[in-house]
$ cat upload_22.cif   # mmCIF, C-alpha atoms and all ligand atoms
data_query
#
loop_
_atom_site.group_PDB
_atom_site.id
_atom_site.type_symbol
_atom_site.label_atom_id
_atom_site.label_comp_id
_atom_site.auth_asym_id
_atom_site.auth_seq_id
_atom_site.Cartn_x
_atom_site.Cartn_y
_atom_site.Cartn_z
ATOM 1 C CA MET A 1 10.432 26.561 -2.829
ATOM 2 C CA GLU A 2 10.075 23.515 -0.608
ATOM 3 C CA ILE A 3 12.156 20.396 -1.266
ATOM 4 C CA ILE A 4 10.983 17.035 0.117
ATOM 5 C CA ILE A 5 13.178 13.946 0.045
ATOM 6 C CA ALA A 6 11.327 10.616 -0.152
ATOM 7 C CA ARG A 7 11.680 8.190 2.762
ATOM 8 C CA ASN A 8 14.338 5.514 2.259
ATOM 9 C CA SER A 9 16.107 7.377 -0.558
ATOM 10 C CA GLY A 10 19.650 6.232 -1.254
ATOM 11 C CA PHE A 11 21.698 3.175 -0.365
ATOM 12 C CA CYS A 12 19.790 0.105 0.813
ATOM 13 C CA TYR A 13 21.049 -2.385 3.380
ATOM 14 C CA GLY A 14 22.507 -4.759 0.731
ATOM 15 C CA VAL A 15 24.436 -2.004 -1.037
ATOM 16 C CA LYS A 16 25.806 -0.554 2.225
ATOM 17 C CA ARG A 17 26.948 -4.044 3.222
ATOM 18 C CA ALA A 18 28.635 -4.648 -0.168
ATOM 19 C CA LEU A 19 30.455 -1.310 0.069
ATOM 20 C CA ARG A 20 31.559 -2.007 3.659
ATOM 21 C CA LEU A 21 32.920 -5.444 2.704
ATOM 22 C CA THR A 22 34.729 -3.902 -0.276
ATOM 23 C CA ARG A 23 36.326 -1.163 1.856
ATOM 24 C CA GLU A 24 37.349 -3.671 4.538
ATOM 25 C CA THR A 25 38.896 -5.872 1.835
ATOM 26 C CA ALA A 26 40.763 -2.916 0.308
ATOM 27 C CA ASN A 27 42.110 -1.899 3.749
ATOM 28 C CA LYS A 28 43.809 -5.291 4.031
ATOM 29 C CA LYS A 29 45.771 -4.319 0.888
ATOM 30 C CA PRO A 30 45.712 -7.595 -1.057
ATOM 31 C CA SER A 31 47.699 -7.573 -4.302
ATOM 32 C CA ARG A 32 44.867 -7.108 -6.831
ATOM 33 C CA ILE A 33 41.145 -6.584 -6.146
ATOM 34 C CA PHE A 34 38.353 -6.960 -8.650
ATOM 35 C CA THR A 35 34.595 -6.786 -8.411
ATOM 36 C CA TRP A 36 32.742 -9.339 -10.533
ATOM 37 C CA GLY A 37 30.760 -6.829 -12.586
ATOM 38 C CA GLU A 38 30.098 -3.300 -11.339
ATOM 39 C CA LEU A 39 29.671 -3.444 -7.564
ATOM 40 C CA ILE A 40 26.568 -1.270 -7.803
ATOM 41 C CA HIS A 41 24.890 0.477 -10.712
ATOM 42 C CA ASN A 42 26.193 3.936 -9.970
ATOM 43 C CA PRO A 43 28.900 5.690 -12.040
ATOM 44 C CA GLN A 44 30.186 7.910 -9.159
ATOM 45 C CA VAL A 45 30.778 4.919 -6.879
ATOM 46 C CA ILE A 46 32.453 2.884 -9.621
ATOM 47 C CA SER A 47 34.824 5.735 -10.448
ATOM 48 C CA ASP A 48 35.644 6.136 -6.723
ATOM 49 C CA LEU A 49 36.464 2.418 -6.449
ATOM 50 C CA GLU A 50 38.646 2.613 -9.577
ATOM 51 C CA LYS A 51 40.654 5.412 -7.938
ATOM 52 C CA ARG A 52 41.315 3.028 -5.049
ATOM 53 C CA GLY A 53 42.631 0.443 -7.526
ATOM 54 C CA ILE A 54 39.543 -1.780 -7.434
ATOM 55 C CA LYS A 55 38.843 -2.903 -10.976
ATOM 56 C CA VAL A 56 35.697 -4.310 -12.558
ATOM 57 C CA THR A 57 35.884 -7.585 -14.476
ATOM 58 C CA THR A 58 33.651 -10.337 -15.793
ATOM 59 C CA SER A 59 36.488 -12.091 -17.603
ATOM 60 C CA LEU A 60 38.000 -15.203 -16.038
ATOM 61 C CA SER A 61 41.098 -14.797 -18.231
ATOM 62 C CA SER A 62 41.886 -11.448 -16.563
ATOM 63 C CA LEU A 63 42.300 -13.204 -13.187
ATOM 64 C CA LYS A 64 45.231 -15.057 -11.707
ATOM 65 C CA PRO A 65 45.584 -17.169 -8.531
ATOM 66 C CA GLY A 66 45.790 -15.037 -5.413
ATOM 67 C CA ASP A 67 43.638 -12.191 -6.788
ATOM 68 C CA THR A 68 40.718 -11.081 -4.653
ATOM 69 C CA VAL A 69 37.293 -11.046 -6.299
ATOM 70 C CA ILE A 70 34.269 -9.429 -4.675
ATOM 71 C CA ILE A 71 30.854 -10.841 -5.544
ATOM 72 C CA ARG A 72 28.379 -7.951 -5.674
ATOM 73 C CA SER A 73 25.037 -7.709 -3.883
ATOM 74 C CA HIS A 74 23.153 -9.115 -6.925
ATOM 75 C CA GLY A 75 24.902 -12.491 -6.479
ATOM 76 C CA ILE A 76 26.184 -14.892 -9.145
ATOM 77 C CA SER A 77 25.153 -18.294 -10.507
ATOM 78 C CA PRO A 78 26.656 -21.522 -9.084
ATOM 79 C CA SER A 79 28.526 -22.138 -12.371
ATOM 80 C CA VAL A 80 30.244 -18.721 -12.229
ATOM 81 C CA TYR A 81 31.064 -19.395 -8.568
ATOM 82 C CA GLN A 82 32.697 -22.715 -9.497
ATOM 83 C CA SER A 83 34.666 -21.122 -12.359
ATOM 84 C CA LEU A 84 36.008 -18.460 -9.985
ATOM 85 C CA LYS A 85 36.943 -21.148 -7.437
ATOM 86 C CA LYS A 86 38.886 -23.009 -10.134
ATOM 87 C CA LYS A 87 40.907 -19.849 -10.793
ATOM 88 C CA ARG A 88 42.051 -20.087 -7.138
ATOM 89 C CA VAL A 89 41.097 -16.487 -6.407
ATOM 90 C CA ARG A 90 40.081 -15.322 -2.948
ATOM 91 C CA LEU A 91 36.325 -14.719 -2.976
ATOM 92 C CA VAL A 92 34.580 -12.101 -0.849
ATOM 93 C CA ASP A 93 30.870 -12.804 -1.056
ATOM 94 C CA ALA A 94 28.873 -9.576 -0.794
ATOM 95 C CA THR A 95 25.663 -11.151 -2.137
ATOM 96 C CA CYS A 96 22.801 -9.469 -0.282
ATOM 97 C CA PRO A 97 21.351 -11.949 2.252
ATOM 98 C CA LYS A 98 17.902 -11.179 0.836
ATOM 99 C CA VAL A 99 19.073 -12.184 -2.653
ATOM 100 C CA LYS A 100 20.605 -15.335 -1.123
ATOM 101 C CA GLU A 101 17.155 -16.229 0.248
ATOM 102 C CA ILE A 102 15.678 -15.934 -3.251
ATOM 103 C CA GLN A 103 18.503 -18.065 -4.688
ATOM 104 C CA GLN A 104 17.751 -20.769 -2.089
ATOM 105 C CA LYS A 105 14.043 -20.621 -2.856
ATOM 106 C CA VAL A 106 14.683 -20.981 -6.613
ATOM 107 C CA GLU A 107 17.130 -23.833 -6.004
ATOM 108 C CA LYS A 108 14.589 -25.730 -3.883
ATOM 109 C CA LEU A 109 11.753 -25.231 -6.379
ATOM 110 C CA GLY A 110 14.037 -26.188 -9.285
ATOM 111 C CA ARG A 111 15.160 -29.354 -7.516
ATOM 112 C CA ALA A 112 11.500 -30.287 -6.990
ATOM 113 C CA ARG A 113 11.026 -29.832 -10.782
ATOM 114 C CA ALA A 114 8.443 -27.085 -10.335
ATOM 115 C CA GLU A 115 7.922 -24.713 -13.255
ATOM 116 C CA ILE A 116 9.195 -21.347 -12.020
ATOM 117 C CA ILE A 117 8.283 -17.961 -13.438
ATOM 118 C CA ILE A 118 10.568 -15.124 -12.368
ATOM 119 C CA VAL A 119 9.198 -11.623 -12.886
ATOM 120 C CA GLY A 120 12.205 -9.466 -13.620
ATOM 121 C CA ASN A 121 14.685 -8.139 -16.136
ATOM 122 C CA ARG A 122 16.386 -11.068 -17.900
ATOM 123 C CA HIS A 123 19.547 -8.996 -18.513
ATOM 124 C CA HIS A 124 19.951 -8.062 -14.840
ATOM 125 C CA PRO A 125 22.781 -9.849 -12.965
ATOM 126 C CA GLU A 126 20.453 -10.890 -10.111
ATOM 127 C CA ILE A 127 18.197 -12.704 -12.610
ATOM 128 C CA LYS A 128 21.144 -14.310 -14.423
ATOM 129 C CA GLY A 129 22.322 -15.619 -11.054
ATOM 130 C CA LEU A 130 18.838 -16.899 -10.125
ATOM 131 C CA LEU A 131 18.474 -18.751 -13.444
ATOM 132 C CA GLY A 132 21.677 -20.577 -12.600
ATOM 133 C CA TYR A 133 20.074 -21.921 -9.405
ATOM 134 C CA SER A 134 16.868 -23.082 -11.079
ATOM 135 C CA HIS A 135 17.986 -26.467 -12.499
ATOM 136 C CA ARG A 136 16.699 -25.134 -15.870
ATOM 137 C CA GLN A 137 13.136 -24.957 -14.525
ATOM 138 C CA ALA A 138 12.781 -21.163 -14.573
ATOM 139 C CA SER A 139 11.785 -18.682 -17.224
ATOM 140 C CA VAL A 140 11.742 -14.912 -16.960
ATOM 141 C CA ILE A 141 8.898 -12.593 -17.874
ATOM 142 C CA GLU A 142 8.935 -8.818 -17.809
ATOM 143 C CA SER A 143 5.410 -7.723 -18.702
ATOM 144 C CA GLU A 144 1.696 -8.455 -18.459
ATOM 145 C CA GLU A 145 1.693 -9.253 -22.201
ATOM 146 C CA GLN A 146 4.278 -11.980 -21.705
ATOM 147 C CA ALA A 147 2.243 -13.426 -18.816
ATOM 148 C CA LYS A 148 -0.909 -13.460 -21.014
ATOM 149 C CA ALA A 149 0.984 -15.391 -23.696
ATOM 150 C CA LEU A 150 1.829 -18.274 -21.333
ATOM 151 C CA PRO A 151 -0.163 -21.530 -21.724
ATOM 152 C CA PHE A 152 -2.506 -22.930 -19.065
ATOM 153 C CA LYS A 153 -0.627 -25.147 -16.549
ATOM 154 C CA LYS A 154 -1.662 -27.438 -13.750
ATOM 155 C CA LYS A 155 1.031 -26.185 -11.405
ATOM 156 C CA ARG A 156 3.643 -23.420 -11.338
ATOM 157 C CA ALA A 157 5.428 -21.052 -8.960
ATOM 158 C CA VAL A 158 6.008 -17.335 -9.412
ATOM 159 C CA LEU A 159 8.466 -15.027 -7.692
ATOM 160 C CA ALA A 160 10.035 -11.644 -8.344
ATOM 161 C CA GLN A 161 13.378 -9.932 -8.763
ATOM 162 C CA SER A 162 14.118 -8.285 -5.408
ATOM 163 C CA THR A 163 13.673 -4.802 -6.903
ATOM 164 C CA GLN A 164 10.568 -5.508 -8.984
ATOM 165 C CA ASP A 165 7.696 -3.007 -9.206
ATOM 166 C CA VAL A 166 5.164 -4.171 -6.565
ATOM 167 C CA GLU A 167 2.167 -3.123 -8.680
ATOM 168 C CA LEU A 168 3.384 -4.897 -11.819
ATOM 169 C CA PHE A 169 4.137 -8.075 -9.854
ATOM 170 C CA GLY A 170 0.578 -8.048 -8.456
ATOM 171 C CA LYS A 171 -0.903 -7.673 -11.963
ATOM 172 C CA ILE A 172 1.232 -10.517 -13.343
ATOM 173 C CA VAL A 173 0.303 -12.784 -10.418
ATOM 174 C CA ALA A 174 -3.404 -12.128 -11.154
ATOM 175 C CA ILE A 175 -2.912 -13.125 -14.818
ATOM 176 C CA LEU A 176 -0.997 -16.278 -13.865
ATOM 177 C CA ALA A 177 -3.611 -17.231 -11.260
ATOM 178 C CA ALA A 178 -6.175 -17.439 -14.063
ATOM 179 C CA LYS A 179 -3.816 -19.626 -16.127
ATOM 180 C CA THR A 180 -2.661 -22.037 -13.434
ATOM 181 C CA GLU A 181 -4.665 -24.587 -11.449
ATOM 182 C CA GLU A 182 -2.258 -24.470 -8.507
ATOM 183 C CA LEU A 183 -0.123 -21.323 -8.367
ATOM 184 C CA SER A 184 2.432 -20.837 -5.578
ATOM 185 C CA VAL A 185 3.212 -17.148 -5.124
ATOM 186 C CA TYR A 186 6.412 -15.972 -3.435
ATOM 187 C CA ASN A 187 6.586 -12.228 -3.120
ATOM 188 C CA THR A 188 10.361 -11.878 -3.011
ATOM 189 C CA ILE A 189 10.425 -8.099 -3.511
ATOM 190 C CA CYS A 190 12.587 -6.890 -0.636
ATOM 191 C CA GLN A 191 11.230 -4.679 2.142
ATOM 192 C CA SER A 192 13.622 -1.850 1.298
ATOM 193 C CA THR A 193 12.330 -1.771 -2.294
ATOM 194 C CA ARG A 194 8.684 -1.816 -1.176
ATOM 195 C CA VAL A 195 9.107 1.102 1.225
ATOM 196 C CA ARG A 196 11.059 3.116 -1.349
ATOM 197 C CA GLN A 197 8.431 2.540 -4.050
ATOM 198 C CA GLU A 198 5.551 3.430 -1.704
ATOM 199 C CA ALA A 199 7.331 6.587 -0.525
ATOM 200 C CA THR A 200 8.090 7.667 -4.107
ATOM 201 C CA ALA A 201 4.501 7.115 -5.279
ATOM 202 C CA GLU A 202 3.163 9.051 -2.248
ATOM 203 C CA LEU A 203 5.567 11.921 -2.811
ATOM 204 C CA ALA A 204 4.830 12.064 -6.553
ATOM 205 C CA GLY A 205 1.223 12.895 -5.680
ATOM 206 C CA GLN A 206 2.236 15.708 -3.303
ATOM 207 C CA VAL A 207 4.790 17.651 -5.365
ATOM 208 C CA GLU A 208 4.804 19.600 -8.623
ATOM 209 C CA THR A 209 7.931 17.996 -9.985
ATOM 210 C CA LEU A 210 9.839 14.926 -8.869
ATOM 211 C CA ILE A 211 13.526 14.313 -9.505
ATOM 212 C CA ILE A 212 14.701 10.696 -9.362
ATOM 213 C CA VAL A 213 18.442 10.535 -8.719
ATOM 214 C CA GLY A 214 20.390 7.424 -9.634
ATOM 215 C CA GLY A 215 22.296 5.411 -12.216
ATOM 216 C CA LYS A 216 20.476 5.198 -15.542
ATOM 217 C CA ASN A 217 21.579 1.531 -15.720
ATOM 218 C CA SER A 218 20.098 0.837 -12.263
ATOM 219 C CA SER A 219 17.028 -1.371 -12.448
ATOM 220 C CA ASN A 220 15.482 -0.154 -9.174
ATOM 221 C CA THR A 221 16.109 3.525 -10.049
ATOM 222 C CA ASN A 222 14.322 3.057 -13.382
ATOM 223 C CA LYS A 223 11.416 1.399 -11.580
ATOM 224 C CA LEU A 224 11.118 4.455 -9.301
ATOM 225 C CA TYR A 225 11.025 6.664 -12.391
ATOM 226 C CA GLU A 226 8.183 4.592 -13.906
ATOM 227 C CA ILE A 227 6.258 4.551 -10.600
ATOM 228 C CA SER A 228 6.555 8.319 -10.182
ATOM 229 C CA LEU A 229 5.490 8.970 -13.800
ATOM 230 C CA ARG A 230 2.151 7.243 -13.103
ATOM 231 C CA GLU A 231 1.332 9.996 -10.584
ATOM 232 C CA GLN A 232 3.422 12.905 -11.761
ATOM 233 C CA SER A 233 4.077 13.749 -15.429
ATOM 234 C CA ARG A 234 6.852 16.132 -14.348
ATOM 235 C CA THR A 235 9.209 13.337 -13.298
ATOM 236 C CA TYR A 236 12.867 13.461 -14.326
ATOM 237 C CA LEU A 237 15.686 10.954 -13.956
ATOM 238 C CA ILE A 238 19.163 12.359 -13.421
ATOM 239 C CA GLU A 239 22.456 10.645 -12.577
ATOM 240 C CA SER A 240 24.051 13.710 -11.025
ATOM 241 C CA PRO A 241 23.085 17.303 -10.084
ATOM 242 C CA GLU A 242 24.945 18.577 -13.184
ATOM 243 C CA GLU A 243 22.092 17.146 -15.269
ATOM 244 C CA LEU A 244 19.473 19.383 -13.611
ATOM 245 C CA THR A 245 18.017 21.974 -15.968
ATOM 246 C CA PRO A 246 15.915 25.072 -15.052
ATOM 247 C CA ASP A 247 12.977 23.583 -16.982
ATOM 248 C CA MET A 248 12.736 20.663 -14.552
ATOM 249 C CA ILE A 249 11.907 22.875 -11.590
ATOM 250 C CA ARG A 250 10.365 25.892 -13.320
ATOM 251 C CA GLU A 251 7.377 27.324 -11.398
ATOM 252 C CA ALA A 252 7.358 24.389 -8.969
ATOM 253 C CA LYS A 253 6.616 25.400 -5.371
ATOM 254 C CA ILE A 254 7.242 21.886 -4.019
ATOM 255 C CA VAL A 255 9.954 19.681 -5.519
ATOM 256 C CA GLY A 256 10.374 16.040 -4.538
ATOM 257 C CA ILE A 257 13.574 14.011 -4.684
ATOM 258 C CA SER A 258 13.875 10.241 -4.543
ATOM 259 C CA GLY A 259 16.983 8.105 -4.942
ATOM 260 C CA GLY A 260 17.508 4.463 -5.887
ATOM 261 C CA ALA A 261 19.061 1.758 -3.701
ATOM 262 C CA SER A 262 22.417 2.421 -5.342
ATOM 263 C CA THR A 263 22.354 6.224 -5.097
ATOM 264 C CA PRO A 264 24.984 7.657 -2.702
ATOM 265 C CA PRO A 265 23.504 10.001 -0.037
ATOM 266 C CA GLU A 266 26.073 12.697 -1.037
ATOM 267 C CA VAL A 267 24.590 12.819 -4.565
ATOM 268 C CA ILE A 268 21.122 13.388 -3.082
ATOM 269 C CA LYS A 269 22.495 16.173 -0.829
ATOM 270 C CA LYS A 270 24.275 17.798 -3.794
ATOM 271 C CA THR A 271 21.029 17.667 -5.791
ATOM 272 C CA VAL A 272 19.217 19.532 -2.975
ATOM 273 C CA LEU A 273 21.987 22.169 -2.960
ATOM 274 C CA ALA A 274 21.890 22.511 -6.747
ATOM 275 C CA ILE A 275 18.099 23.062 -6.697
ATOM 276 C CA ASN A 276 18.451 25.660 -3.917
ATOM 277 C CA ASN A 277 21.226 27.460 -5.808
ATOM 278 C CA SER A 278 19.226 27.445 -9.001
ATOM 279 C CA CYS A 279 16.232 29.028 -7.151
ATOM 280 C CA GLN A 280 18.438 31.812 -5.746
ATOM 281 C CA GLN A 281 19.764 32.625 -9.204
ATOM 282 C CA ASN A 282 16.247 32.929 -10.721
HETATM 283 S S1 LIG A 301 17.480 -3.825 -3.004
HETATM 284 FE FE1 LIG A 301 16.955 -5.257 -1.360
HETATM 285 S S2 LIG A 301 17.654 -7.261 -2.099
HETATM 286 FE FE2 LIG A 301 18.619 -5.726 -3.402
HETATM 287 S S3 LIG A 301 20.608 -5.349 -2.428
HETATM 288 FE FE3 LIG A 301 19.181 -3.848 -1.584
HETATM 289 S S4 LIG A 301 18.389 -4.774 0.304
HETATM 290 FE FE4 LIG A 301 19.319 -6.407 -0.922
#

$ encode --input "upload_22.cif" --output "structure tokens"
Amino acid sequence: MEIIIARNSGFCYGVKRALRLTRETANKKPSRIFTWGELIHNPQVISDLEKRGIKVTTSLSSLKPGDTVIIRSHGISPSVYQSLKKKRVRLVDATCPKVKEIQQKVEKLGRARAEIIIVGNRHHPEIKGLLGYSHRQASVIESEEQAKALPFKKKRAVLAQSTQDVELFGKIVAILAAKTEELSVYNTICQSTRVRQEATAELAGQVETLIIVGGKNSSNTNKLYEISLREQSRTYLIESPEELTPDMIREAKIVGISGGASTPPEVIKKTVLAINNSCQQN
């Protein structure tokens, strides 16, 4: 059996940077360290950080002056930032610079009173943060159906969550273009996401089964799963190699593996080993 790993699988630039800043902060041994929400959507990494005494919180009442709070790569809204400042905690800002660019774009459009449509998952922390920058001018849509339900407008702007599905964003932009006299389009899907999605779609067409490795609560990992399913019905999403079953790789001569932006490279390597071991046993 041949195993092919998709280009760009595993940690993206923003996640690597957030982890580096967190480790550097921990090495300075401040009294208490928290991340504001899970640093990344990956259970193995969160459990590793917990072992190092780094706790997850989204509760202001759990904090006291002098604590260190790490802002994750998804960023936070200005109001949460101000609330944390008022608690007199030390902030380490690990917001991905690419997410910062989107925040600035949304802030500028919101200040100019433009109607903003953000294509993304309204429950995702990146989107919650972006809404906070929009001066209440933004709304979130997640599907083509929601775009079709929007009224005709003279002017609006549309942009995307950094990890949005490129194909879906294109379809929604086309719908909005027909419903808006003057539509400003900002494709804010980050380069890392684009390459990963392209590589996964390509690989899905070349293999007989494709295993997506990553946190089941990770937005970009779930997008990869959906993208692969369009090309390859034998697509499976697993969080760890322990979840592999013989059925997933049965009779497959070429198996593909792709990992989300928050998937540690070790988990991808262990998945390769587990597939190899399973082949030797059968
Ligand atoms: S997916 Fe892109 S925007 Fe999001 S953290 Fe990674 S590099 Fe930054």

$ atom_distance --input "upload_22.cif" --atom1 "CA of Tyr236 (chain A)" --atom2 "CA of Leu203 (chain A)"
13.7 Å

$ resolve_selection --input "upload_22.cif" --expression "the PyMOL selection byres (((not hetatm)) within 6 of (chain A and resi 301))" --output "list in words"
Cys12, Tyr13, Gly14, Val15, Ser73, Cys96, Lys98, Val99, Ser162, Thr163, Cys190, Ser192, Thr193 and Ala261 of chain A

$ closest_residue --input "upload_22.cif" --among "A:Val195, A:Val92, A:Ala274, A:Met248" --to "Thr209 (chain A)" --atoms "only C-alpha atoms"
A:Met248

$ residues_around --input "upload_22.cif" --residues "Gln164 (chain A)" --least-positions-apart "5" --cutoff "9 Å" --atoms "all atoms listed in the file" --output "list in words"
Val119, Gly120, Asn121, Phe169, Thr188, Ile189, Cys190, Thr193, Arg194, Ser219, Asn220 and Lys223 of chain A

$ closest_residue --input "upload_22.cif" --among "A:Thr271, A:Thr200, A:Ser262, A:Ser143" --to "Arg17 (chain A)" --atoms "all atoms listed in the file"
A:Ser262

$ atom_distance --input "upload_22.cif" --atom1 "CA of Ile175 (chain A)" --atom2 "CA of Gly260 (chain A)"
28.4 Å

$ resolve_selection --input "upload_22.cif" --expression "the PyMOL selection byres (((chain A and resi 266) around 12) and not hetatm)" --output "compact mmCIF listing (two decimals) with C-alpha atoms, in the coordinates of the input"
# COMPACT_ATOMS: atom_id res chain seq x y z
CA SER A 9 16.11 7.38 -0.56
CA GLY A 10 19.65 6.23 -1.25
CA PHE A 11 21.70 3.18 -0.36
CA GLN A 44 30.19 7.91 -9.16
CA VAL A 45 30.78 4.92 -6.88
CA VAL A 213 18.44 10.54 -8.72
CA GLY A 214 20.39 7.42 -9.63
CA SER A 240 24.05 13.71 -11.02
CA PRO A 241 23.08 17.30 -10.08
CA GLY A 259 16.98 8.10 -4.94
CA SER A 262 22.42 2.42 -5.34
CA THR A 263 22.35 6.22 -5.10
CA PRO A 264 24.98 7.66 -2.70
CA PRO A 265 23.50 10.00 -0.04
CA VAL A 267 24.59 12.82 -4.57
CA ILE A 268 21.12 13.39 -3.08
CA LYS A 269 22.50 16.17 -0.83
CA LYS A 270 24.28 17.80 -3.79
CA THR A 271 21.03 17.67 -5.79
CA VAL A 272 19.22 19.53 -2.98
CA LEU A 273 21.99 22.17 -2.96

$ atom_distance --input "upload_22.cif" --atom1 "CA of Gly37 (chain A)" --atom2 "CA of Lys216 (chain A)"
16.1 Å

$ resolve_selection --input "upload_22.cif" --expression "the PyMOL selection byres (((chain A and resi 174) around 12) and not hetatm)" --output "PyMOL selection string"
chain A and resi 144+147-148+158+167-173+175-180+183-185

$ closest_residue --input "upload_22.cif" --among "A:Thr35, A:Gln206, A:Ser218, A:Ser134" --to "Asp93 (chain A)" --atoms "all atoms listed in the file"
A:Thr35

$ axis_aligned_box --input "upload_22.cif" --around "region 166-175 of chain A" --padding-each-side "5 Å" --output "lines of an AutoDock Vina configuration file"
center_x = 0.9
center_y = -8.1
center_z = -10.7
size_x = 18.6
size_y = 20.0
size_z = 18.3

$ residues_around --input "upload_22.cif" --residues "Ile54 (chain A)" --least-positions-apart "4" --cutoff "9 Å" --atoms "only C-alpha atoms" --output "VMD selection string"
chain A and resid 22 26 32 to 35 46 48 to 50

$ closest_residue --input "upload_22.cif" --among "A:Ile238, A:Leu91, A:Ile141, A:Ile275" --to "Val255 (chain A)" --atoms "all atoms listed in the file"
A:Ile275
